[in-house]
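As stored in final-v4.txt (compact mmCIF, C-alpha atoms):
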# COMPACT_ATOMS: atom_id res chain seq x y z
CA MET A 1 260.94 -91.19 365.41
CA ARG A 2 264.42 -92.66 365.03
CA THR A 3 263.50 -95.23 362.41
CA VAL A 4 266.75 -95.37 360.41
CA GLY A 5 268.83 -96.02 363.51
CA THR A 6 266.31 -98.56 364.79
CA LEU A 7 266.32 -100.45 361.49
CA LYS A 8 270.13 -100.45 361.35
CA SER A 9 270.35 -101.75 364.91
CA ALA A 10 267.88 -104.50 364.00
CA GLY A 11 270.16 -105.65 361.19
CA VAL A 12 268.01 -104.58 358.23
CA ARG A 13 270.16 -104.55 355.10
CA ALA A 14 269.88 -103.58 351.44
CA GLY A 15 267.46 -105.83 349.58
CA ASP A 16 265.50 -106.84 352.69
CA GLU A 17 261.74 -106.25 352.79
CA VAL A 18 260.16 -104.38 355.70
CA VAL A 19 256.39 -104.20 356.22
CA VAL A 20 255.33 -100.60 356.92
CA PRO A 21 252.09 -98.62 357.35
CA ALA A 22 250.39 -97.30 354.21
CA TYR A 23 248.27 -94.78 356.14
CA GLY A 24 250.52 -91.94 357.25
CA ASN A 25 254.03 -92.11 358.75
CA ALA A 26 255.76 -91.80 355.39
CA GLU A 27 259.05 -91.25 357.23
CA VAL A 28 259.04 -94.94 358.14
CA ALA A 29 258.93 -96.01 354.49
CA ARG A 30 261.57 -93.40 353.61
CA ALA A 31 263.86 -94.76 356.31
CA VAL A 32 263.56 -98.23 354.78
CA VAL A 33 264.43 -96.85 351.34
CA GLU A 34 267.38 -94.92 352.79
CA LEU A 35 268.91 -98.21 353.91
CA GLY A 36 268.44 -99.73 350.46
CA ALA A 37 265.71 -102.04 351.75
CA VAL A 38 262.20 -102.38 350.26
CA PRO A 39 259.09 -101.02 352.00
CA VAL A 40 256.08 -103.32 351.67
CA PHE A 41 252.76 -101.64 352.45
CA ALA A 42 250.14 -103.35 354.58
CA GLU A 43 246.51 -102.43 355.18
CA VAL A 44 245.20 -100.23 357.97
CA ASP A 45 242.91 -101.49 360.71
CA ALA A 46 239.61 -99.64 360.29
CA ASP A 47 239.29 -98.79 364.00
CA SER A 48 242.85 -98.08 365.15
CA TYR A 49 244.41 -96.76 361.89
CA CYS A 50 247.45 -98.87 362.79
CA LEU A 51 248.75 -101.90 360.87
CA ASP A 52 246.20 -104.68 360.42
CA PRO A 53 247.91 -107.92 361.56
CA ALA A 54 245.96 -110.01 359.03
CA SER A 55 247.15 -107.79 356.19
CA VAL A 56 250.72 -108.00 357.46
CA ALA A 57 250.51 -111.78 357.31
CA ASP A 58 249.24 -111.55 353.71
CA VAL A 59 252.18 -109.47 352.44
CA VAL A 60 255.04 -111.37 354.12
CA SER A 61 257.46 -113.03 351.66
CA GLY A 62 260.72 -114.90 351.86
CA GLN A 63 262.58 -111.58 351.77
CA THR A 64 260.65 -109.99 354.65
CA VAL A 65 262.75 -109.44 357.78
CA ALA A 66 260.82 -106.94 359.89
CA VAL A 67 257.54 -105.15 360.59
CA VAL A 68 257.39 -101.53 361.79
CA ALA A 69 254.26 -100.81 363.83
CA VAL A 70 253.38 -97.22 364.74
CA HIS A 71 250.97 -96.18 367.48
CA LYS A 72 248.59 -93.85 365.60
CA PHE A 73 246.89 -90.69 366.92
CA GLY A 74 247.72 -91.80 370.46
CA ARG A 75 246.04 -95.19 370.07
CA PRO A 76 248.26 -98.27 370.57
CA ALA A 77 248.84 -100.66 367.69
CA ASP A 78 247.89 -104.31 368.24
CA VAL A 79 251.47 -105.29 369.04
CA GLY A 80 250.44 -108.63 370.56
CA ARG A 81 248.84 -109.91 367.35
CA LEU A 82 251.63 -108.44 365.22
CA ARG A 83 254.19 -110.33 367.29
CA GLU A 84 252.21 -113.53 366.81
CA VAL A 85 252.40 -113.02 363.02
CA ALA A 86 256.08 -112.16 363.27
CA GLN A 87 256.86 -115.24 365.35
CA ARG A 88 255.24 -117.51 362.76
CA HIS A 89 257.44 -116.04 360.03
CA GLY A 90 260.64 -115.36 361.97
CA LEU A 91 260.37 -111.58 361.75
CA LEU A 92 261.33 -108.69 363.99
CA VAL A 93 258.62 -106.28 365.21
CA LEU A 94 259.80 -102.70 365.70
CA VAL A 95 257.38 -100.41 367.53
CA GLU A 96 257.39 -96.63 367.22
CA ASP A 97 255.32 -93.88 368.82
CA GLU A 98 253.97 -91.22 366.51
CA ALA A 99 255.04 -87.75 367.63
CA GLY A 100 252.07 -86.12 369.26
CA ALA A 101 250.44 -85.57 372.58
CA ASP A 102 251.96 -84.17 375.74
CA PRO A 103 251.45 -86.87 378.40
CA ALA A 104 250.71 -84.15 380.95
CA GLY A 105 247.41 -83.35 379.24
CA THR A 106 246.22 -86.92 378.70
CA GLU A 107 243.44 -86.96 381.30
CA LEU A 108 241.94 -83.72 380.04
CA ARG A 109 242.07 -84.93 376.44
CA ARG A 110 240.38 -88.16 377.48
CA ALA A 111 237.68 -86.17 379.24
CA HIS A 112 237.15 -84.04 376.13
CA ALA A 113 237.02 -87.20 373.99
CA ALA A 114 234.43 -88.80 376.29
CA TYR A 115 232.31 -85.65 376.06
CA LEU A 116 232.45 -85.76 372.25
CA ASP A 117 231.79 -89.52 372.14
CA ASP A 118 228.53 -89.00 374.01
CA ARG A 119 227.28 -86.05 371.97
CA LEU A 120 228.50 -86.20 368.38
CA SER A 121 225.97 -87.58 365.91
CA GLY A 122 227.11 -86.04 362.61
CA VAL A 123 230.29 -88.10 362.40
CA ARG A 124 231.52 -91.58 363.32
CA THR A 125 233.47 -91.22 366.56
CA PRO A 126 236.69 -93.15 367.35
CA ALA A 127 236.27 -96.74 368.47
CA PRO A 128 236.98 -97.07 372.21
CA ALA A 129 240.40 -98.45 373.13
CA SER A 130 242.30 -99.02 376.34
CA GLY A 131 245.33 -96.77 376.65
CA HIS A 132 244.24 -94.23 374.02
CA LEU A 133 246.09 -90.94 374.60
CA TYR A 134 243.98 -88.94 372.10
CA ALA A 135 246.93 -87.15 370.56
CA GLN A 136 244.30 -86.51 367.89
CA TYR A 137 240.54 -87.12 368.02
CA VAL A 138 239.95 -88.64 364.59
CA VAL A 139 236.41 -89.09 363.30
CA ARG A 140 234.98 -90.37 360.04
CA VAL A 141 232.68 -88.19 358.00
CA PRO A 142 229.79 -90.16 356.53
CA GLY A 143 229.05 -89.71 352.87
CA ASN A 144 230.70 -90.64 349.62
CA GLY A 145 234.37 -90.13 350.43
CA ARG A 146 236.69 -87.19 350.13
CA PRO A 147 234.38 -84.60 348.50
CA ASP A 148 231.95 -84.90 351.42
CA ARG A 149 234.72 -84.91 354.04
CA ASP A 150 236.43 -81.89 352.52
CA ALA A 151 233.18 -79.93 352.27
CA PHE A 152 232.41 -80.86 355.89
CA ALA A 153 235.86 -79.64 356.98
CA ARG A 154 235.56 -76.34 355.10
CA THR A 155 232.21 -75.62 356.73
CA LEU A 156 233.55 -76.43 360.20
CA ARG A 157 236.53 -74.13 359.69
CA ALA A 158 234.19 -71.35 358.57
CA LYS A 159 232.41 -71.80 361.91
CA GLY A 160 235.70 -71.45 363.79
CA VAL A 161 236.40 -75.15 364.41
CA GLY A 162 240.11 -75.87 363.81
CA CYS A 163 239.80 -79.31 362.23
CA ARG A 164 242.40 -80.85 359.93
CA VAL A 165 242.76 -83.74 357.50
CA PRO A 166 245.27 -86.03 359.24
CA VAL A 167 246.52 -87.98 356.19
CA GLN A 168 246.39 -86.49 352.70
CA ALA A 169 247.27 -89.57 350.61
CA PRO A 170 248.33 -93.20 351.01
CA VAL A 171 252.10 -93.49 351.43
CA TYR A 172 252.30 -95.64 348.29
CA ARG A 173 251.20 -92.62 346.22
CA LEU A 174 253.83 -90.21 347.50
CA PRO A 175 256.85 -89.14 345.41
CA GLY A 176 259.75 -91.54 345.79
CA LEU A 177 257.54 -94.18 347.41
CA ARG A 178 255.07 -94.96 344.64
CA ARG A 179 254.06 -98.60 344.29
CA ASP A 180 251.45 -100.41 342.22
CA VAL A 181 249.29 -101.05 345.29
CA PHE A 182 245.65 -100.45 346.15
CA LEU A 183 244.56 -100.99 349.75
CA PRO A 184 240.82 -100.26 350.04
CA GLU A 185 240.61 -99.69 353.79
CA THR A 186 243.57 -97.33 353.64
CA GLU A 187 241.94 -95.46 350.76
CA ARG A 188 238.69 -95.11 352.74
CA ALA A 189 240.55 -93.89 355.80
CA VAL A 190 242.37 -91.25 353.75
CA ASP A 191 239.10 -90.08 352.18
CA GLU A 192 236.92 -90.03 355.32
CA THR A 193 239.03 -89.12 358.36
CA LEU A 194 239.07 -85.73 360.03
CA ALA A 195 240.92 -84.70 363.20
CA LEU A 196 238.90 -82.55 365.60
CA PRO A 197 240.69 -80.54 368.31
CA VAL A 198 240.77 -81.99 371.84
CA HIS A 199 243.82 -80.22 373.29
CA ALA A 200 243.94 -79.85 377.03
CA GLY A 201 243.32 -76.11 376.97
CA MET A 202 239.90 -76.35 375.29
CA SER A 203 236.92 -74.98 377.20
CA ARG A 204 233.54 -76.68 377.55
CA ARG A 205 232.06 -73.87 375.48
CA GLU A 206 234.45 -74.64 372.62
CA LEU A 207 233.52 -78.32 372.78
CA GLN A 208 229.82 -77.49 372.76
CA LYS A 209 230.32 -75.24 369.72
CA MET A 210 232.11 -78.04 367.87
CA VAL A 211 229.37 -80.56 368.70
CA SER A 212 226.66 -78.20 367.46
CA ALA A 213 228.53 -77.50 364.22
CA CYS A 214 229.21 -81.18 363.49
CA ASN A 215 225.72 -82.40 364.35
CA ALA A 216 224.09 -79.71 362.21
CA LEU A 217 226.11 -80.86 359.20
CA GLY A 218 225.80 -84.60 359.70
CA GLY A 219 222.24 -84.84 358.47
CA LEU A 220 223.20 -83.19 355.18
CA LEU A 221 225.41 -86.08 354.13
CA GLN A 222 224.13 -89.39 352.84
CA PRO A 223 225.79 -92.71 353.69
CA ALA A 224 227.70 -94.38 350.87
CA PHE A 225 226.21 -97.60 349.53
Before anything else, please render the file you have as structure tokens.
Amino acid sequence: MRTVGTLKSAGVRAGDEVVVPAYGNAEVARAVVELGAVPVFAEVDADSYCLDPASVADVVSGQTVAVVAVHKFGRPADVGRLREVAQRHGLLVLVEDEAGADPAGTELRRAHAAYLDDRLSGVRTPAPASGHLYAQYVVRVPGNGRPDRDAFARTLRAKGVGCRVPVQAPVYRLPGLRRDVFLPETERAVDETLALPVHAGMSRRELQKMVSACNALGGLLQPAF
């Protein structure tokens, strides 16, 4: 990402407000701060993990000059709806790609993702989306939030599945970026998401092993009410 240079080129100045993601991509908020501008955090879309256009509209003020949208985990942000919001308020929309997948392996990753979509039952699989590159295959672990997700992840790793927690905390809780904000969908995403491996070099046997491990655990967790 070249966010600082992009913001400078767009004319963002000290004191301006810029709407940024609260779920991951802390470097975007830090770039805003580096310019002396103010990052304003908007809610995540529950399916794409990108900025929710409705939430962006809610946080726009008279000092807002731009919105930075980031394509997340290889899934495109809803740039069309974000531009509609921006047009109503006279804002710029800056679009960034999250560092991630090698385009050369996209078709294999999509094939792996389709295999997992059809067979996983112990987790909530990613919502389908046109143009998804599957830089990461991010699922939701059912249960009561982070304790269940973290226990699920530890058990998978013990079985040889190289899963990882993609976002450890909302950006508005990180040092130097703390704000008095609570975004419930972002909090849920942080607590429930888990990235399963789908790299192009995976074998069918490895995928089958991961499916078996996830499905065996899924029944042990109870949905949150």
Between atom CA of A:Arg124 and atom CA of A:Met210, distance in Å (one decimal): 14.3 Å
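The protein and nucleic acid residues lying at most 8 Å from A:Val59 are Val19, Val40, Phe41, Ala42, Ser55, Val56, Ala57 and Ser61 of chain A, with all atoms listed in the file considered and sequence neighbours fewer than 2 positions away removed.
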Of the candidates A:Ala31, A:Ala189, A:Leu116, A:Ala77, which shows the shortest atom-to-atom distance to A:Arg140, using all atoms listed in the file?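 Of all the options, A:Ala189 lies closest to A:Arg140.
The gap separating atom CA of A:Tyr134 from atom CA of A:Ala66 is 27.5 Å, in Å to one decimal.
Candidate residues A:Arg81, A:His71, A:Arg149, A:Arg205 were compared for distance to A:Leu217, and the nearest is A:Arg149, using all atoms listed in the file.
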Show which residues sit within 9 Å of A:Arg146, as a list in words. Count all atoms listed in the file, and ignore same-chain residues fewer than 5 positions away.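 The residues satisfying every condition are Val141, Ala151, Arg188, Val190, Asp191, Glu192 and Thr193 of chain A.
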A:Met202 environment, 12 Å, all atoms listed in the file, sequence neighbours closer than 2 positions dropped, as a PyMOL selection string: chain A and resi 105+108-109+111-113+161-162+196-200+204-210
Which residues come within 10 Å of A:Ala135, counting all atoms listed in the file, excluding same-chain residues fewer than 6 positions away, as a PDB file with C-alpha atoms, in the coordinates of the input?
ATOM      1  CA  LYS A  72     248.590 -93.850 365.600  1.00  0.00           C
ATOM      2  CA  PHE A  73     246.890 -90.690 366.920  1.00  0.00           C
ATOM      3  CA  GLY A  74     247.720 -91.800 370.460  1.00  0.00           C
ATOM      4  CA  ARG A  75     246.040 -95.190 370.070  1.00  0.00           C
ATOM      5  CA  GLU A  98     253.970 -91.220 366.510  1.00  0.00           C
ATOM      6  CA  ALA A  99     255.040 -87.750 367.630  1.00  0.00           C
ATOM      7  CA  GLY A 100     252.070 -86.120 369.260  1.00  0.00           C
ATOM      8  CA  ALA A 101     250.440 -85.570 372.580  1.00  0.00           C
ATOM      9  CA  ASP A 102     251.960 -84.170 375.740  1.00  0.00           C
ATOM     10  CA  PRO A 103     251.450 -86.870 378.400  1.00  0.00           C
ATOM     11  CA  GLY A 105     247.410 -83.350 379.240  1.00  0.00           C
ATOM     12  CA  THR A 106     246.220 -86.920 378.700  1.00  0.00           C
ATOM     13  CA  ARG A 109     242.070 -84.930 376.440  1.00  0.00           C
ATOM     14  CA  ARG A 110     240.380 -88.160 377.480  1.00  0.00           C
ATOM     15  CA  ALA A 195     240.920 -84.700 363.200  1.00  0.00           C
ATOM     16  CA  PRO A 197     240.690 -80.540 368.310  1.00  0.00           C
ATOM     17  CA  VAL A 198     240.770 -81.990 371.840  1.00  0.00           C
ATOM     18  CA  HIS A 199     243.820 -80.220 373.290  1.00  0.00           C
TER      19      HIS A 199
END
What would the list of residues within 9 Å of (262.7, -98.5, 356.0) (file frame) look like as a PyMOL selection string, if all atoms listed in the file are what count? chain A and resi 3-4+7+12+17-20+27-39+68
What is the distance, in Å and to one decimal place, between atom CA of A:Asp117 and atom CA of A:Leu82? 28.3 Å
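You can rank A:Tyr137, A:Arg179, A:Leu51, A:Val93 by their closest distance to A:Ala114 using all atoms listed in the file, and at the top of that list sits A:Tyr137.
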Using all atoms listed in the file, which residue out of A:Gly201, A:Pro76, A:Gly11, A:Pro147 lies closest to A:Ser48?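 For A:Ser48, the nearest of the candidates is A:Pro76.
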Ranking A:Pro21, A:Gly5, A:Gly90, A:Gly145 by minimum distance to A:Pro170 and counting only C-alpha atoms, which one comes first? A:Pro21
Return the single residue from A:Gly62, A:Val167, A:Gly143, A:Pro128 that is closest to A:His89, with distances computed using all atoms listed in the file.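 Ranking A:Gly62, A:Val167, A:Gly143, A:Pro128 by distance to A:His89, first place goes to A:Gly62.
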Give me, as a ChimeraX atom specification, all polymer residues having an atom no more than 8 Å from A:Gln63, counting only C-alpha atoms and skipping those fewer than 3 positions away in the same chain. /A:15-17,60
Those same residues, written as a PDB file, keeping the file's coordinate frame with C-alpha atoms?
ATOM      1  CA  GLY A  15     267.460-105.830 349.580  1.00  0.00           C
ATOM      2  CA  ASP A  16     265.500-106.840 352.690  1.00  0.00           C
ATOM      3  CA  GLU A  17     261.740-106.250 352.790  1.00  0.00           C
ATOM      4  CA  VAL A  60     255.040-111.370 354.120  1.00  0.00           C
TER       5      VAL A  60
END
Working from the structure I just supplied, which lacks atoms in stretch 121-152 of chain A, can you model N, CA and C atoms there and output them as a CSV table (one decimal), keeping the file's coordinate frame?
chain,number,residue,atom,x,y,z
A,121,SER,N,226.8,-86.7,366.7
A,121,SER,CA,226.0,-87.6,365.9
A,121,SER,C,226.2,-87.4,364.4
A,122,GLY,N,226.9,-86.3,364.0
A,122,GLY,CA,227.1,-86.0,362.6
A,122,GLY,C,228.3,-86.7,362.0
A,123,VAL,N,229.1,-87.4,362.9
A,123,VAL,CA,230.3,-88.1,362.4
A,123,VAL,C,230.4,-89.4,363.1
A,124,ARG,N,231.2,-90.3,362.6
A,124,ARG,CA,231.5,-91.6,363.3
A,124,ARG,C,232.7,-91.4,364.3
A,125,THR,N,232.5,-91.5,365.6
A,125,THR,CA,233.5,-91.2,366.6
A,125,THR,C,234.5,-92.4,366.6
A,126,PRO,N,235.7,-92.1,367.2
A,126,PRO,CA,236.7,-93.2,367.4
A,126,PRO,C,236.2,-94.4,368.1
A,127,ALA,N,236.6,-95.5,367.7
A,127,ALA,CA,236.3,-96.7,368.5
A,127,ALA,C,237.0,-96.7,369.8
A,128,PRO,N,236.3,-97.1,370.9
A,128,PRO,CA,237.0,-97.1,372.2
A,128,PRO,C,238.2,-98.0,372.2
A,129,ALA,N,239.2,-97.6,373.0
A,129,ALA,CA,240.4,-98.4,373.1
A,129,ALA,C,241.1,-98.1,374.4
A,130,SER,N,241.5,-99.2,375.1
A,130,SER,CA,242.3,-99.0,376.3
A,130,SER,C,243.6,-98.4,376.0
A,131,GLY,N,244.0,-97.4,376.8
A,131,GLY,CA,245.3,-96.8,376.6
A,131,GLY,C,245.4,-95.7,375.6
A,132,HIS,N,244.2,-95.3,375.0
A,132,HIS,CA,244.2,-94.2,374.0
A,132,HIS,C,244.6,-92.9,374.7
A,133,LEU,N,245.6,-92.2,374.1
A,133,LEU,CA,246.1,-90.9,374.6
A,133,LEU,C,245.4,-89.7,373.9
A,134,TYR,N,244.7,-90.0,372.8
A,134,TYR,CA,244.0,-88.9,372.1
A,134,TYR,C,244.9,-87.8,371.7
A,135,ALA,N,246.1,-88.2,371.2
A,135,ALA,CA,246.9,-87.2,370.6
A,135,ALA,C,246.2,-86.4,369.5
A,136,GLN,N,245.3,-87.1,368.8
A,136,GLN,CA,244.3,-86.5,367.9
A,136,GLN,C,243.0,-87.3,368.1
A,137,TYR,N,241.9,-86.5,367.9
A,137,TYR,CA,240.5,-87.1,368.0
A,137,TYR,C,240.0,-87.2,366.6
A,138,VAL,N,240.2,-88.4,366.0
A,138,VAL,CA,240.0,-88.6,364.6
A,138,VAL,C,238.6,-89.3,364.4
A,139,VAL,N,237.7,-88.6,363.6
A,139,VAL,CA,236.4,-89.1,363.3
A,139,VAL,C,236.3,-89.4,361.8
A,140,ARG,N,235.3,-90.1,361.5
A,140,ARG,CA,235.0,-90.4,360.0
A,140,ARG,C,233.7,-89.6,359.7
A,141,VAL,N,233.8,-88.9,358.5
A,141,VAL,CA,232.7,-88.2,358.0
A,141,VAL,C,231.9,-89.1,357.1
A,142,PRO,N,230.6,-89.3,357.4
A,142,PRO,CA,229.8,-90.2,356.5
A,142,PRO,C,229.6,-89.5,355.2
A,143,GLY,N,229.3,-90.3,354.2
A,143,GLY,CA,229.0,-89.7,352.9
A,143,GLY,C,229.7,-90.6,351.8
A,144,ASN,N,230.2,-89.9,350.8
A,144,ASN,CA,230.7,-90.6,349.6
A,144,ASN,C,232.2,-90.3,349.4
A,145,GLY,N,232.9,-90.3,350.5
A,145,GLY,CA,234.4,-90.1,350.4
A,145,GLY,C,234.9,-88.7,350.6
A,146,ARG,N,236.0,-88.4,349.9
A,146,ARG,CA,236.7,-87.2,350.1
A,146,ARG,C,235.9,-85.9,349.8
A,147,PRO,N,235.1,-85.9,348.7
A,147,PRO,CA,234.4,-84.6,348.5
A,147,PRO,C,233.5,-84.2,349.7
A,148,ASP,N,232.8,-85.2,350.3
A,148,ASP,CA,232.0,-84.9,351.4
A,148,ASP,C,232.8,-84.5,352.6
A,149,ARG,N,233.9,-85.2,352.9
A,149,ARG,CA,234.7,-84.9,354.0
A,149,ARG,C,235.3,-83.5,353.9
A,150,ASP,N,235.8,-83.2,352.7
A,150,ASP,CA,236.4,-81.9,352.5
A,150,ASP,C,235.4,-80.7,352.6
A,151,ALA,N,234.2,-81.0,352.1
A,151,ALA,CA,233.2,-79.9,352.3
A,151,ALA,C,232.8,-79.8,353.7
A,152,PHE,N,232.7,-80.9,354.5
A,152,PHE,CA,232.4,-80.9,355.9
A,152,PHE,C,233.5,-80.1,356.6
